[in-house]
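**Student:** My questions all concern the structure below.
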Number of protein chains: 2
Amino acid sequence: MTDLSAFAFNADGLIPAIAQQHDTGEVLMAAWMNREALAETLATGRVCYYSRSRQALWRKGETSGQTQTLIELRLDCDGDTILLLVNQTGVACHTGRRTCFFRAMRDGELVEIAKPEIAPEALYK
Amino acid sequence: MTDLSAFAFNADGLIPAIAQQHDTGEVLMAAWMNREALAETLATGRVCYYSRSRQALWRKGETSGQTQTLIELRLDCDGDTILLLVNQTGVACHTGRRTCFFRAMRDGELVEIAKPEIAPEALYK
């Protein structure tokens with residue numbers, strides 16, 4: 001039985017998780033997990049988050065096919081943030097971009113620094 | 001004047017920020033910013049967080065000397081998480097380790113995968 005006592009869930013029972021592509025180091029996205037999502041991720045090796053808007057488990061890629069395979073799960077010093085080293089199939093972002101962090105602040109305004117690789121309509125048929 | 005309207009602060013006026021070493025891709029830490037910390041970071045190029053425990057601005061390195069210089073600030077698709085590409089002086093973690101994510105889940109338990117590079121006593125004299 002996996003011991004999750006070191007994981008500090010917040011008052012809503014959630015903990016933030018950052019997904020990073022394991023080989024390139026690219027930060028792909030950040031989302032939330034509850035205890036059940038964390039346990040499922042560790043048990044299956046497929047990343048599962050908790051969707052705050054849907055209030056339900058969110059098995060990454062179950063609709064879009066853009067799954068995340070867990071390579072390693074890390075926890076920070078105070079136990080309140082998870083780092084997921086993953087292998088991302090296709091794209092992480094619902095906009096069809098590889099990463100959700102596709103806007104950068106330059107000269108006081110946000111500019112788009114990455115284009116969609118897949119049309120969002122193709123992701124959510 | 002920098003436009004911060006795309007940044008979605010939560011009900012407590014905070015937004016999570018992930019710090020990544022700009023050249024190696026190492027994820028160093030995650031913390032929170034309020035609007036003031038974000039504005040100061042963008043204005044000065046020195047990363048400033050908001051400490052929830054101290055309820056005050058937290059100019060990274062002001063006590064320890066382990067500062068973060070901002071290389072680029074990115075925002076995710078839904079505007080509720082910041083990615084900071086930084087140049088970290090020394091170590092990011094208060095334990096004296098380069099990264100706060102020094103524990104990995106292996107065979108159902110957390111194991112330490114990095115040692116302190118600086119004694120914590122030397123950081124906080």
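Letters for chains follow the order of the structure tokens (A, B, ...), residue numbers begin at 1 for each chain, and ligand numbers begin at 1 in the order shown.
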List as a Markdown table every residue of chain A that is in contact with chain B, defined as an atom at most 7 Å from one of its atoms (using only C-alpha atoms), together with the nearest atom pair and the distance in Å rounded to one decimal, sorted by chain and then rising number.
**Tutor:**
```
| residue | atom | partner | partner_atom | distance |
| --- | --- | --- | --- | --- |
| A:Met1 | CA | B:Gly108 | CA | 6.9 |
| A:Thr2 | CA | B:Gly108 | CA | 4.5 |
| A:Asp3 | CA | B:Glu109 | CA | 6.4 |
| A:Gly25 | CA | B:Gly25 | CA | 5.0 |
| A:Glu26 | CA | B:Gly25 | CA | 6.8 |
| A:Glu72 | CA | B:Ala104 | CA | 6.9 |
| A:Leu73 | CA | B:Met105 | CA | 5.6 |
| A:Arg74 | CA | B:Ala104 | CA | 4.2 |
| A:Leu75 | CA | B:Phe101 | CA | 5.3 |
| A:Asp76 | CA | B:Phe101 | CA | 4.1 |
| A:Cys77 | CA | B:Cys100 | CA | 5.1 |
| A:Cys100 | CA | B:Asp76 | CA | 4.8 |
| A:Phe101 | CA | B:Asp76 | CA | 4.1 |
| A:Phe102 | CA | B:Asp76 | CA | 6.5 |
| A:Arg103 | CA | B:Arg74 | CA | 5.4 |
| A:Ala104 | CA | B:Arg74 | CA | 4.2 |
| A:Met105 | CA | B:Leu73 | CA | 5.6 |
| A:Gly108 | CA | B:Thr2 | CA | 4.5 |
| A:Glu109 | CA | B:Asp3 | CA | 6.4 |
```
**Student:** Quick one: everything within 8 Å of Gly96 (chain A), counting only C-alpha atoms, minus sequence neighbours fewer than 2 positions away in the same chain. Send it as an NGL selection string.
**Tutor:** :A and (91-94 or 98 or 116-120 or 123)
**Student:** Selection from above, all heavy atoms, as a short mmCIF file (atom, residue, chain, number, x, y, z; two decimals), in the first residue's frame, can you write it?
**Tutor:**
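As written to disk, result_25.cif reads:
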```cif
data_model
loop_
_atom_site.label_atom_id
_atom_site.label_comp_id
_atom_site.auth_asym_id
_atom_site.auth_seq_id
_atom_site.Cartn_x
_atom_site.Cartn_y
_atom_site.Cartn_z
N VAL A 91 -0.16 16.48 -27.72
CA VAL A 91 -0.12 17.81 -27.12
C VAL A 91 -0.80 17.80 -25.76
O VAL A 91 -1.73 17.05 -25.52
CB VAL A 91 -0.83 18.84 -28.03
CG1 VAL A 91 -0.13 18.92 -29.38
CG2 VAL A 91 -2.30 18.52 -28.23
N ALA A 92 -0.30 18.66 -24.86
CA ALA A 92 -0.87 18.72 -23.51
C ALA A 92 -2.04 19.70 -23.44
O ALA A 92 -2.94 19.54 -22.61
CB ALA A 92 0.20 19.13 -22.51
N CYS A 93 -2.03 20.73 -24.26
CA CYS A 93 -2.98 21.83 -24.10
C CYS A 93 -4.25 21.61 -24.93
O CYS A 93 -4.18 21.15 -26.07
CB CYS A 93 -2.32 23.15 -24.51
SG CYS A 93 -3.34 24.60 -24.18
N HIS A 94 -5.37 22.02 -24.34
CA HIS A 94 -6.66 21.86 -25.02
C HIS A 94 -6.77 22.74 -26.26
O HIS A 94 -7.66 22.56 -27.08
CB HIS A 94 -7.81 22.18 -24.06
CG HIS A 94 -7.99 23.63 -23.78
ND1 HIS A 94 -7.11 24.36 -23.00
CD2 HIS A 94 -8.92 24.51 -24.20
CE1 HIS A 94 -7.52 25.61 -22.95
NE2 HIS A 94 -8.60 25.74 -23.66
N ARG A 98 1.52 22.10 -27.77
CA ARG A 98 2.29 21.13 -27.00
C ARG A 98 2.22 21.44 -25.50
O ARG A 98 2.04 20.57 -24.68
CB ARG A 98 3.74 21.15 -27.49
CG ARG A 98 4.70 20.27 -26.73
CD ARG A 98 4.49 18.80 -27.00
NE ARG A 98 5.47 18.01 -26.25
CZ ARG A 98 5.41 16.70 -26.10
NH1 ARG A 98 4.43 15.98 -26.62
NH2 ARG A 98 6.33 16.07 -25.41
N PRO A 116 -0.65 26.13 -32.41
CA PRO A 116 -1.26 24.80 -32.28
C PRO A 116 -0.63 23.81 -33.25
O PRO A 116 -0.34 24.16 -34.40
CB PRO A 116 -2.73 25.05 -32.63
CG PRO A 116 -2.95 26.50 -32.36
CD PRO A 116 -1.66 27.17 -32.72
N GLU A 117 -0.43 22.60 -32.76
CA GLU A 117 0.08 21.52 -33.62
C GLU A 117 -1.07 20.67 -34.14
O GLU A 117 -0.93 19.95 -35.12
CB GLU A 117 1.07 20.66 -32.83
CG GLU A 117 2.27 21.47 -32.34
CD GLU A 117 3.27 20.65 -31.55
OE1 GLU A 117 3.19 19.41 -31.56
OE2 GLU A 117 4.15 21.26 -30.91
N ILE A 118 -2.18 20.73 -33.41
CA ILE A 118 -3.38 19.99 -33.78
C ILE A 118 -4.56 20.95 -33.63
O ILE A 118 -4.59 21.73 -32.68
CB ILE A 118 -3.59 18.78 -32.84
CG1 ILE A 118 -2.37 17.85 -32.85
CG2 ILE A 118 -4.86 18.01 -33.19
CD1 ILE A 118 -2.47 16.68 -31.86
N ALA A 119 -5.51 20.92 -34.55
CA ALA A 119 -6.69 21.77 -34.41
C ALA A 119 -7.52 21.28 -33.23
O ALA A 119 -7.74 20.07 -33.09
CB ALA A 119 -7.52 21.72 -35.68
N PRO A 120 -7.95 22.20 -32.34
CA PRO A 120 -8.75 21.78 -31.18
C PRO A 120 -9.96 20.94 -31.59
O PRO A 120 -10.32 19.99 -30.89
CB PRO A 120 -9.18 23.11 -30.56
CG PRO A 120 -8.14 24.08 -30.99
CD PRO A 120 -7.69 23.64 -32.34
N LEU A 123 -9.16 17.44 -31.67
CA LEU A 123 -8.92 16.81 -30.37
C LEU A 123 -10.21 16.36 -29.70
O LEU A 123 -10.25 15.35 -29.01
CB LEU A 123 -8.22 17.80 -29.43
CG LEU A 123 -6.76 18.12 -29.70
CD1 LEU A 123 -6.29 19.18 -28.71
CD2 LEU A 123 -5.91 16.86 -29.57
#
```
**Student:** Please return as JSON, numbers by chain: the residues of region 16-117 of chain B that backbone DSSP assigns to strand (DSSP E or B).
**Tutor:** {"B": [16, 17, 18, 19, 20, 21, 27, 28, 29, 30, 31, 32, 33, 34, 46, 48, 49, 50, 51, 56, 57, 58, 59, 68, 69, 70, 71, 72, 73, 74, 75, 82, 83, 84, 85, 86, 87, 88, 103, 104, 105, 106, 109, 110, 111, 112]}
**Student:** Could those selected residues go to a file with N, CA and C atoms, as a short mmCIF file (atom, residue, chain, number, x, y, z; two decimals), in the first residue's frame?
**Tutor:**
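Final output, saved to selection.cif:
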```cif
data_model
loop_
_atom_site.label_atom_id
_atom_site.label_comp_id
_atom_site.auth_asym_id
_atom_site.auth_seq_id
_atom_site.Cartn_x
_atom_site.Cartn_y
_atom_site.Cartn_z
N PRO B 16 -0.49 30.68 -8.58
CA PRO B 16 0.72 29.87 -8.40
C PRO B 16 1.77 30.17 -9.48
N ALA B 17 3.01 30.10 -9.07
CA ALA B 17 4.13 30.35 -9.99
C ALA B 17 5.15 29.22 -9.84
N ILE B 18 5.56 28.69 -10.98
CA ILE B 18 6.54 27.61 -11.04
C ILE B 18 7.85 28.22 -11.51
N ALA B 19 8.93 27.96 -10.81
CA ALA B 19 10.23 28.46 -11.25
C ALA B 19 11.04 27.34 -11.88
N GLN B 20 11.52 27.61 -13.09
CA GLN B 20 12.31 26.63 -13.84
C GLN B 20 13.63 27.27 -14.23
N GLN B 21 14.73 26.57 -14.00
CA GLN B 21 16.03 27.07 -14.43
C GLN B 21 16.03 27.16 -15.96
N VAL B 27 13.02 22.01 -12.83
CA VAL B 27 11.98 22.70 -12.07
C VAL B 27 12.49 22.86 -10.64
N LEU B 28 12.56 24.11 -10.21
CA LEU B 28 13.22 24.43 -8.94
C LEU B 28 12.26 24.47 -7.76
N MET B 29 11.11 25.10 -7.95
CA MET B 29 10.18 25.30 -6.85
C MET B 29 8.84 25.79 -7.38
N ALA B 30 7.86 25.80 -6.50
CA ALA B 30 6.57 26.40 -6.82
C ALA B 30 6.15 27.22 -5.61
N ALA B 31 5.60 28.39 -5.87
CA ALA B 31 5.17 29.26 -4.78
C ALA B 31 4.01 30.12 -5.30
N TRP B 32 3.65 31.13 -4.55
CA TRP B 32 2.50 31.96 -4.91
C TRP B 32 2.92 33.40 -5.14
N MET B 33 2.18 34.09 -5.98
CA MET B 33 2.35 35.53 -6.16
C MET B 33 1.00 36.20 -5.95
N ASN B 34 1.02 37.40 -5.39
CA ASN B 34 -0.16 38.26 -5.48
C ASN B 34 0.13 39.30 -6.57
N ARG B 46 13.79 40.71 -10.69
CA ARG B 46 14.15 39.83 -9.57
C ARG B 46 12.87 39.20 -9.08
N CYS B 48 9.93 37.89 -7.04
CA CYS B 48 9.31 38.18 -5.75
C CYS B 48 8.02 37.37 -5.66
N TYR B 49 7.89 36.59 -4.59
CA TYR B 49 6.69 35.82 -4.35
C TYR B 49 5.88 36.48 -3.23
N TYR B 50 4.74 35.83 -2.91
CA TYR B 50 3.97 36.23 -1.74
C TYR B 50 4.00 35.06 -0.76
N SER B 51 4.46 35.31 0.43
CA SER B 51 4.52 34.27 1.45
C SER B 51 3.17 34.19 2.17
N ALA B 56 3.24 38.32 3.50
CA ALA B 56 4.06 39.46 3.09
C ALA B 56 4.78 39.11 1.80
N LEU B 57 5.25 40.13 1.09
CA LEU B 57 6.06 39.90 -0.09
C LEU B 57 7.32 39.14 0.32
N TRP B 58 7.75 38.27 -0.55
CA TRP B 58 8.88 37.41 -0.28
C TRP B 58 9.84 37.55 -1.45
N ARG B 59 10.81 38.44 -1.24
CA ARG B 59 11.80 38.67 -2.29
C ARG B 59 12.81 37.53 -2.20
N GLN B 68 16.69 34.77 -7.54
CA GLN B 68 16.26 34.31 -8.87
C GLN B 68 16.12 35.52 -9.77
N THR B 69 16.89 35.50 -10.85
CA THR B 69 16.77 36.53 -11.88
C THR B 69 15.79 36.05 -12.94
N LEU B 70 14.85 36.91 -13.27
CA LEU B 70 13.84 36.51 -14.25
C LEU B 70 14.38 36.60 -15.66
N ILE B 71 14.25 35.49 -16.40
CA ILE B 71 14.62 35.48 -17.81
C ILE B 71 13.37 35.70 -18.67
N GLU B 72 12.32 34.96 -18.35
CA GLU B 72 11.06 35.15 -19.07
C GLU B 72 9.90 34.67 -18.21
N LEU B 73 8.78 35.39 -18.29
CA LEU B 73 7.58 35.01 -17.55
C LEU B 73 6.52 34.56 -18.55
N ARG B 74 5.99 33.36 -18.31
CA ARG B 74 4.97 32.80 -19.20
C ARG B 74 3.69 32.54 -18.42
N LEU B 75 2.58 32.51 -19.16
CA LEU B 75 1.26 32.30 -18.55
C LEU B 75 0.58 31.16 -19.29
N ILE B 82 1.53 30.61 -13.55
CA ILE B 82 2.67 31.30 -14.14
C ILE B 82 3.86 30.35 -14.19
N LEU B 83 4.61 30.43 -15.28
CA LEU B 83 5.89 29.72 -15.38
C LEU B 83 6.99 30.77 -15.47
N LEU B 84 7.91 30.72 -14.52
CA LEU B 84 9.02 31.66 -14.47
C LEU B 84 10.27 30.96 -14.97
N LEU B 85 10.84 31.44 -16.06
CA LEU B 85 12.16 30.96 -16.45
C LEU B 85 13.16 31.86 -15.76
N VAL B 86 14.01 31.26 -14.94
CA VAL B 86 14.87 32.06 -14.07
C VAL B 86 16.31 31.61 -14.17
N ASN B 87 17.17 32.47 -13.64
CA ASN B 87 18.53 32.04 -13.37
C ASN B 87 18.68 32.03 -11.86
N GLN B 88 18.80 30.84 -11.30
CA GLN B 88 18.86 30.67 -9.85
C GLN B 88 20.30 30.77 -9.36
N ARG B 103 12.36 14.66 -3.61
CA ARG B 103 11.85 13.36 -3.19
C ARG B 103 11.08 12.73 -4.35
N ALA B 104 11.33 11.47 -4.60
CA ALA B 104 10.66 10.76 -5.69
C ALA B 104 9.97 9.52 -5.14
N MET B 105 8.80 9.22 -5.70
CA MET B 105 8.05 8.03 -5.30
C MET B 105 8.61 6.84 -6.05
N ARG B 106 9.17 5.92 -5.33
CA ARG B 106 9.70 4.71 -5.97
C ARG B 106 9.28 3.49 -5.16
N GLU B 109 7.18 4.24 -2.03
CA GLU B 109 7.61 5.16 -0.97
C GLU B 109 8.49 6.29 -1.51
N LEU B 110 8.50 7.39 -0.77
CA LEU B 110 9.29 8.54 -1.18
C LEU B 110 10.74 8.34 -0.79
N VAL B 111 11.62 8.53 -1.76
CA VAL B 111 13.05 8.44 -1.48
C VAL B 111 13.72 9.76 -1.87
N GLU B 112 14.77 10.09 -1.15
CA GLU B 112 15.50 11.33 -1.40
C GLU B 112 16.43 11.11 -2.59
#
```
**Student:** B:Phe9, B:Lys115, B:Lys125, B:Lys60: which is nearest Gly45 (chain B), counting only C-alpha atoms?
**Tutor:**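 Counting only C-alpha atoms, the residue closest to Gly45 (chain B) is B:Lys60.
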**Student:** Have a look at A:Gly13, A:Gly65, A:Ala114, A:Thr89 and name the one nearest to Glu36 (chain A); count only C-alpha atoms.
**Tutor:** A:Gly13
**Student:** Restricting the calculation to only C-alpha atoms: of A:Ile15, A:Arg35, A:Ser5, A:Gly90, which residue gets closest to Ser64 (chain A)?
**Tutor:**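 Of all the options, A:Gly90 lies closest to Ser64 (chain A).
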